[in-house]
Amino acid sequence: MRFIERARETADKKMKNQNQIKSLWDEVRELSLSTTIERLDSPPTPLEFLRNYVSPNKPCIISNAISHWPALSLWPNHSYLTHSLSHSSVSLHLTPHGRADSLVPTPTNSLCFASAHVKSLPFPLAVNWVLNSQVGKSVAYLQQQNDCFRTEYFDALGSDCDGHIEWATEAFGCLPEAVNLWIGNHLSETSFHKDHYENLYAVVSGEKHFLLLPPTDVHRLYIRDYPAAQYSYSQEIGEFRLGVEEPVRYVPWSSVNPYPSPEDKESEMANFPLYFNGPKPFQCTVKAGEVLYLCRYPWQGMICSLISSMRISTSCNQFIMNMRIQVLMYLSAT
């Protein structure tokens, strides 16, 4: 009898906790985030940006913030980039499927955190690889971190975009710590993760889709430790090999795949009910010429896609101190 009573008390307590968590989810969305990511028709003043978005940790999409960048008209021209960067070597990231820094099965069917094979190539060869990516063979993405725009692209493209975004620089009180240029295609995909930086994503061509979760939802992502692994690619035989790092190093990462395949959907929903049964993530699409402010702590997942008429899609990312600017660009072979 006591066992049954204790079981009921435990169940009641669990239900109460779940209701409290759900109330917290609802309050966060109602009080600070609303139901959609806010869009601004023009850049805010530094004070407005700090007060309305940075301080409350609230993402927003800004139009007409980079409309004066020459990159918007120059970079979608494939030949312009190839000519400008004809003598530049860049870091190309290769995976079999377009998902670098994500969970993949090892040969023993356990999951690991896999990083891309990174290869330094002349830009014309690298961009051609991006254009001709195929799932199952190789998917290429120019997605180097660590201030890659200023270290790999700046000499050729530095005059095509601003080195920082003035109203953000003034709001944060310092210049960007890093500026990254990412060039990918419709296969480029990023798994759920969090950044320790204040991000500004500036899309130069194409568009980028985001799924965003506020910090209060971190428990819904089932963060677990996974062994780190690395792809290595043999161009001679056109095959990837996935090897777990030795000594073993563990990476905490979200276990949730927000877009499971039809055959995996039922098991994913059963394994991660807090994510699939909870409030939907915020979704937004950042188009060419727009900038997304993504604050430091929300978790995020990114799916990159193309407008069919676009040949090249780019975006830039800056970060200041703990803030960076990403310039993003996506390519299509058609």
# chains A, B, ... in the order shown; residues from 1 in each chain; ligands from 1
>>> residues_around(residues="region 238-246 of chain A", least_positions_apart="3", cutoff="8 Å", atoms="only C-alpha atoms", output="PDB file with N, CA and C atoms, in the first residue's frame")
ATOM      1  N   THR A  95      32.309  16.532 -46.129  1.00  0.00           N
ATOM      2  CA  THR A  95      31.608  15.433 -45.442  1.00  0.00           C
ATOM      3  C   THR A  95      30.862  14.625 -46.501  1.00  0.00           C
ATOM      4  N   PRO A  96      30.378  13.432 -46.151  1.00  0.00           N
ATOM      5  CA  PRO A  96      29.607  12.652 -47.139  1.00  0.00           C
ATOM      6  C   PRO A  96      28.206  13.204 -47.371  1.00  0.00           C
ATOM      7  N   THR A 106      28.829   5.560 -35.886  1.00  0.00           N
ATOM      8  CA  THR A 106      30.133   4.952 -36.152  1.00  0.00           C
ATOM      9  C   THR A 106      29.895   3.590 -36.817  1.00  0.00           C
ATOM     10  N   CYS A 112      28.662   9.360 -32.652  1.00  0.00           N
ATOM     11  CA  CYS A 112      29.841  10.157 -32.336  1.00  0.00           C
ATOM     12  C   CYS A 112      29.633  11.562 -32.876  1.00  0.00           C
ATOM     13  N   ALA A 114      31.023  14.139 -35.199  1.00  0.00           N
ATOM     14  CA  ALA A 114      31.952  14.067 -36.334  1.00  0.00           C
ATOM     15  C   ALA A 114      32.255  15.444 -36.903  1.00  0.00           C
ATOM     16  N   LYS A 137      28.568  11.045 -52.080  1.00  0.00           N
ATOM     17  CA  LYS A 137      29.923  11.139 -52.637  1.00  0.00           C
ATOM     18  C   LYS A 137      30.734  12.106 -51.787  1.00  0.00           C
ATOM     19  N   PRO A 227      31.680  10.797 -28.163  1.00  0.00           N
ATOM     20  CA  PRO A 227      33.107  10.789 -28.522  1.00  0.00           C
ATOM     21  C   PRO A 227      33.349  11.591 -29.805  1.00  0.00           C
ATOM     22  N   ALA A 228      34.413  12.393 -29.789  1.00  0.00           N
ATOM     23  CA  ALA A 228      34.763  13.203 -30.963  1.00  0.00           C
ATOM     24  C   ALA A 228      35.379  12.319 -32.039  1.00  0.00           C
ATOM     25  N   ALA A 229      35.019  12.587 -33.290  1.00  0.00           N
ATOM     26  CA  ALA A 229      35.546  11.828 -34.430  1.00  0.00           C
ATOM     27  C   ALA A 229      35.853  12.791 -35.565  1.00  0.00           C
ATOM     28  N   GLN A 230      36.597  12.314 -36.547  1.00  0.00           N
ATOM     29  CA  GLN A 230      37.027  13.158 -37.658  1.00  0.00           C
ATOM     30  C   GLN A 230      36.912  12.374 -38.961  1.00  0.00           C
ATOM     31  N   TYR A 231      36.352  13.030 -39.980  1.00  0.00           N
ATOM     32  CA  TYR A 231      36.362  12.432 -41.307  1.00  0.00           C
ATOM     33  C   TYR A 231      37.729  12.643 -41.949  1.00  0.00           C
ATOM     34  N   SER A 232      38.182  11.663 -42.675  1.00  0.00           N
ATOM     35  CA  SER A 232      39.330  11.830 -43.572  1.00  0.00           C
ATOM     36  C   SER A 232      38.876  11.380 -44.955  1.00  0.00           C
ATOM     37  N   TYR A 233      39.308  12.114 -45.974  1.00  0.00           N
ATOM     38  CA  TYR A 233      38.827  11.861 -47.323  1.00  0.00           C
ATOM     39  C   TYR A 233      39.987  11.549 -48.254  1.00  0.00           C
ATOM     40  N   SER A 234      39.849  10.467 -49.006  1.00  0.00           N
ATOM     41  CA  SER A 234      40.833  10.104 -50.017  1.00  0.00           C
ATOM     42  C   SER A 234      40.285  10.483 -51.390  1.00  0.00           C
ATOM     43  N   GLN A 235      40.894  11.476 -52.020  1.00  0.00           N
ATOM     44  CA  GLN A 235      40.423  11.914 -53.330  1.00  0.00           C
ATOM     45  C   GLN A 235      40.708  10.864 -54.402  1.00  0.00           C
ATOM     46  N   ARG A 249      38.069  11.844 -26.682  1.00  0.00           N
ATOM     47  CA  ARG A 249      37.635  13.138 -26.169  1.00  0.00           C
ATOM     48  C   ARG A 249      36.125  13.224 -26.354  1.00  0.00           C
TER      49      ARG A 249
END
>>> residues_around(residues="Gln134 (chain A)", least_positions_apart="2", cutoff="12 Å", atoms="only C-alpha atoms", output="ChimeraX atom specification")
/A:94-98,129-132,136-141,185-188,238,332-333
>>> select_by_dssp(residues="region 53-245 of chain A", states="helix (DSSP H, G or I)", output="PyMOL selection string")
chain A and resi 53-54+71-74+78-84+123-131+148-160+166-172+215-221
>>> residues_around(residues="Phe282 (chain A)", least_positions_apart="2", cutoff="7 Å", atoms="only C-alpha atoms", output="PDB file with C-alpha atoms, in the first residue's frame")
ATOM      1  CA  THR A  36       7.710  35.220 -34.167  1.00  0.00           C
ATOM      2  CA  LEU A 211      15.240  26.981 -36.012  1.00  0.00           C
ATOM      3  CA  LEU A 212      15.693  28.815 -32.716  1.00  0.00           C
ATOM      4  CA  LEU A 213      15.042  27.804 -29.122  1.00  0.00           C
ATOM      5  CA  LYS A 280       7.547  24.522 -31.592  1.00  0.00           C
ATOM      6  CA  CYS A 284      12.794  32.312 -39.563  1.00  0.00           C
TER       7      CYS A 284
END
>>> select_by_dssp(residues="region 16-126 of chain A", states="strand (DSSP E)", output="PyMOL selection string")
chain A and resi 38-40+60-62+89-95+102-105+111-115+117-122
>>> closest_residue(among="A:Ser55, A:Thr216, A:Asn109, A:Ser102", to="Asn257 (chain A)", atoms="only C-alpha atoms")
A:Ser102
>>> closest_residue(among="A:Leu157, A:Trp69, A:Ser115, A:Thr45", to="Ser88 (chain A)", atoms="only C-alpha atoms")
A:Leu157
>>> atom_distance(atom1="CA of Ala270 (chain A)", atom2="CA of Val256 (chain A)")
11.4 Å
>>> atom_distance(atom1="CA of Leu294 (chain A)", atom2="CA of Pro273 (chain A)")
26.2 Å
>>> atom_distance(atom1="CA of Ser120 (chain A)", atom2="CA of Leu142 (chain A)")
10.3 Å
>>> closest_residue(among="A:Arg224, A:Asn146, A:Val90, A:Glu266", to="Tyr250 (chain A)", atoms="only C-alpha atoms")
A:Arg224
>>> decode(residues="region 93-106 of chain A", atoms="all heavy atoms", output="PDB file, in the first residue's frame")
ATOM      1  N   HIS A  93      35.743  22.368 -46.307  1.00  0.00           N
ATOM      2  CA  HIS A  93      35.297  21.322 -45.382  1.00  0.00           C
ATOM      3  C   HIS A  93      34.475  20.291 -46.148  1.00  0.00           C
ATOM      4  O   HIS A  93      33.539  20.647 -46.872  1.00  0.00           O
ATOM      5  CB  HIS A  93      34.467  21.940 -44.259  1.00  0.00           C
ATOM      6  CG  HIS A  93      35.264  22.811 -43.343  1.00  0.00           C
ATOM      7  ND1 HIS A  93      35.305  22.608 -41.975  1.00  0.00           N
ATOM      8  CD2 HIS A  93      36.075  23.870 -43.584  1.00  0.00           C
ATOM      9  CE1 HIS A  93      36.091  23.513 -41.414  1.00  0.00           C
ATOM     10  NE2 HIS A  93      36.566  24.295 -42.374  1.00  0.00           N
ATOM     11  N   LEU A  94      34.815  19.020 -45.963  1.00  0.00           N
ATOM     12  CA  LEU A  94      34.182  17.938 -46.718  1.00  0.00           C
ATOM     13  C   LEU A  94      33.531  16.920 -45.793  1.00  0.00           C
ATOM     14  O   LEU A  94      34.130  16.492 -44.790  1.00  0.00           O
ATOM     15  CB  LEU A  94      35.221  17.220 -47.582  1.00  0.00           C
ATOM     16  CG  LEU A  94      35.917  18.044 -48.670  1.00  0.00           C
ATOM     17  CD1 LEU A  94      37.088  17.265 -49.253  1.00  0.00           C
ATOM     18  CD2 LEU A  94      34.930  18.434 -49.762  1.00  0.00           C
ATOM     19  N   THR A  95      32.309  16.532 -46.129  1.00  0.00           N
ATOM     20  CA  THR A  95      31.608  15.433 -45.442  1.00  0.00           C
ATOM     21  C   THR A  95      30.862  14.625 -46.501  1.00  0.00           C
ATOM     22  O   THR A  95      30.675  15.092 -47.625  1.00  0.00           O
ATOM     23  CB  THR A  95      30.592  15.956 -44.408  1.00  0.00           C
ATOM     24  OG1 THR A  95      29.569  16.698 -45.098  1.00  0.00           O
ATOM     25  CG2 THR A  95      31.251  16.851 -43.359  1.00  0.00           C
ATOM     26  N   PRO A  96      30.378  13.432 -46.151  1.00  0.00           N
ATOM     27  CA  PRO A  96      29.607  12.652 -47.139  1.00  0.00           C
ATOM     28  C   PRO A  96      28.206  13.204 -47.371  1.00  0.00           C
ATOM     29  O   PRO A  96      27.572  12.863 -48.363  1.00  0.00           O
ATOM     30  CB  PRO A  96      29.535  11.251 -46.504  1.00  0.00           C
ATOM     31  CG  PRO A  96      30.517  11.247 -45.386  1.00  0.00           C
ATOM     32  CD  PRO A  96      30.660  12.660 -44.935  1.00  0.00           C
ATOM     33  N   HIS A  97      27.692  14.052 -46.449  1.00  0.00           N
ATOM     34  CA  HIS A  97      26.273  14.400 -46.477  1.00  0.00           C
ATOM     35  C   HIS A  97      25.970  15.873 -46.215  1.00  0.00           C
ATOM     36  O   HIS A  97      24.804  16.275 -46.257  1.00  0.00           O
ATOM     37  CB  HIS A  97      25.531  13.572 -45.423  1.00  0.00           C
ATOM     38  CG  HIS A  97      26.324  13.372 -44.171  1.00  0.00           C
ATOM     39  ND1 HIS A  97      26.846  14.434 -43.444  1.00  0.00           N
ATOM     40  CD2 HIS A  97      26.738  12.247 -43.549  1.00  0.00           C
ATOM     41  CE1 HIS A  97      27.532  13.953 -42.410  1.00  0.00           C
ATOM     42  NE2 HIS A  97      27.489  12.633 -42.457  1.00  0.00           N
ATOM     43  N   GLY A  98      26.962  16.704 -45.921  1.00  0.00           N
ATOM     44  CA  GLY A  98      26.715  18.119 -45.665  1.00  0.00           C
ATOM     45  C   GLY A  98      26.517  18.473 -44.216  1.00  0.00           C
ATOM     46  O   GLY A  98      26.251  19.637 -43.884  1.00  0.00           O
ATOM     47  N   ARG A  99      26.660  17.496 -43.314  1.00  0.00           N
ATOM     48  CA  ARG A  99      26.445  17.744 -41.890  1.00  0.00           C
ATOM     49  C   ARG A  99      27.770  17.634 -41.132  1.00  0.00           C
ATOM     50  O   ARG A  99      28.101  16.577 -40.598  1.00  0.00           O
ATOM     51  CB  ARG A  99      25.418  16.759 -41.319  1.00  0.00           C
ATOM     52  CG  ARG A  99      24.041  16.888 -41.946  1.00  0.00           C
ATOM     53  CD  ARG A  99      23.005  16.046 -41.220  1.00  0.00           C
ATOM     54  NE  ARG A  99      23.346  14.634 -41.191  1.00  0.00           N
ATOM     55  CZ  ARG A  99      23.069  13.775 -42.150  1.00  0.00           C
ATOM     56  NH1 ARG A  99      22.471  14.184 -43.256  1.00  0.00           N
ATOM     57  NH2 ARG A  99      23.396  12.502 -42.052  1.00  0.00           N
ATOM     58  N   ALA A 100      28.494  18.731 -41.090  1.00  0.00           N
ATOM     59  CA  ALA A 100      29.720  18.761 -40.291  1.00  0.00           C
ATOM     60  C   ALA A 100      29.361  19.140 -38.857  1.00  0.00           C
ATOM     61  O   ALA A 100      28.337  19.778 -38.607  1.00  0.00           O
ATOM     62  CB  ALA A 100      30.701  19.769 -40.870  1.00  0.00           C
ATOM     63  N   ASP A 101      30.206  18.739 -37.920  1.00  0.00           N
ATOM     64  CA  ASP A 101      29.956  19.037 -36.506  1.00  0.00           C
ATOM     65  C   ASP A 101      28.552  18.598 -36.106  1.00  0.00           C
ATOM     66  O   ASP A 101      27.718  19.385 -35.635  1.00  0.00           O
ATOM     67  CB  ASP A 101      30.142  20.523 -36.219  1.00  0.00           C
ATOM     68  CG  ASP A 101      31.573  20.976 -36.451  1.00  0.00           C
ATOM     69  OD1 ASP A 101      32.471  20.127 -36.399  1.00  0.00           O
ATOM     70  OD2 ASP A 101      31.779  22.177 -36.682  1.00  0.00           O
ATOM     71  N   SER A 102      28.287  17.333 -36.320  1.00  0.00           N
ATOM     72  CA  SER A 102      26.975  16.774 -35.983  1.00  0.00           C
ATOM     73  C   SER A 102      27.143  15.322 -35.569  1.00  0.00           C
ATOM     74  O   SER A 102      28.231  14.748 -35.678  1.00  0.00           O
ATOM     75  CB  SER A 102      26.026  16.874 -37.179  1.00  0.00           C
ATOM     76  OG  SER A 102      26.486  16.059 -38.237  1.00  0.00           O
ATOM     77  N   LEU A 103      26.058  14.732 -35.090  1.00  0.00           N
ATOM     78  CA  LEU A 103      26.091  13.347 -34.641  1.00  0.00           C
ATOM     79  C   LEU A 103      25.877  12.408 -35.822  1.00  0.00           C
ATOM     80  O   LEU A 103      24.929  12.573 -36.600  1.00  0.00           O
ATOM     81  CB  LEU A 103      25.016  13.111 -33.583  1.00  0.00           C
ATOM     82  CG  LEU A 103      25.105  13.972 -32.324  1.00  0.00           C
ATOM     83  CD1 LEU A 103      24.003  13.577 -31.339  1.00  0.00           C
ATOM     84  CD2 LEU A 103      26.481  13.842 -31.660  1.00  0.00           C
ATOM     85  N   VAL A 104      26.754  11.439 -35.955  1.00  0.00           N
ATOM     86  CA  VAL A 104      26.623  10.427 -36.998  1.00  0.00           C
ATOM     87  C   VAL A 104      26.959   9.064 -36.390  1.00  0.00           C
ATOM     88  O   VAL A 104      27.683   8.985 -35.392  1.00  0.00           O
ATOM     89  CB  VAL A 104      27.555  10.704 -38.199  1.00  0.00           C
ATOM     90  CG1 VAL A 104      27.221  12.037 -38.838  1.00  0.00           C
ATOM     91  CG2 VAL A 104      29.000  10.659 -37.781  1.00  0.00           C
ATOM     92  N   PRO A 105      26.439   7.990 -36.967  1.00  0.00           N
ATOM     93  CA  PRO A 105      26.771   6.661 -36.440  1.00  0.00           C
ATOM     94  C   PRO A 105      28.177   6.224 -36.804  1.00  0.00           C
ATOM     95  O   PRO A 105      28.664   6.499 -37.904  1.00  0.00           O
ATOM     96  CB  PRO A 105      25.717   5.754 -37.079  1.00  0.00           C
ATOM     97  CG  PRO A 105      25.266   6.478 -38.302  1.00  0.00           C
ATOM     98  CD  PRO A 105      25.411   7.940 -38.015  1.00  0.00           C
ATOM     99  N   THR A 106      28.829   5.560 -35.886  1.00  0.00           N
ATOM    100  CA  THR A 106      30.133   4.952 -36.152  1.00  0.00           C
ATOM    101  C   THR A 106      29.895   3.590 -36.817  1.00  0.00           C
ATOM    102  O   THR A 106      28.750   3.129 -36.906  1.00  0.00           O
ATOM    103  CB  THR A 106      30.911   4.748 -34.848  1.00  0.00           C
ATOM    104  OG1 THR A 106      30.214   3.778 -34.045  1.00  0.00           O
ATOM    105  CG2 THR A 106      31.033   6.050 -34.076  1.00  0.00           C
TER     106      THR A 106
END
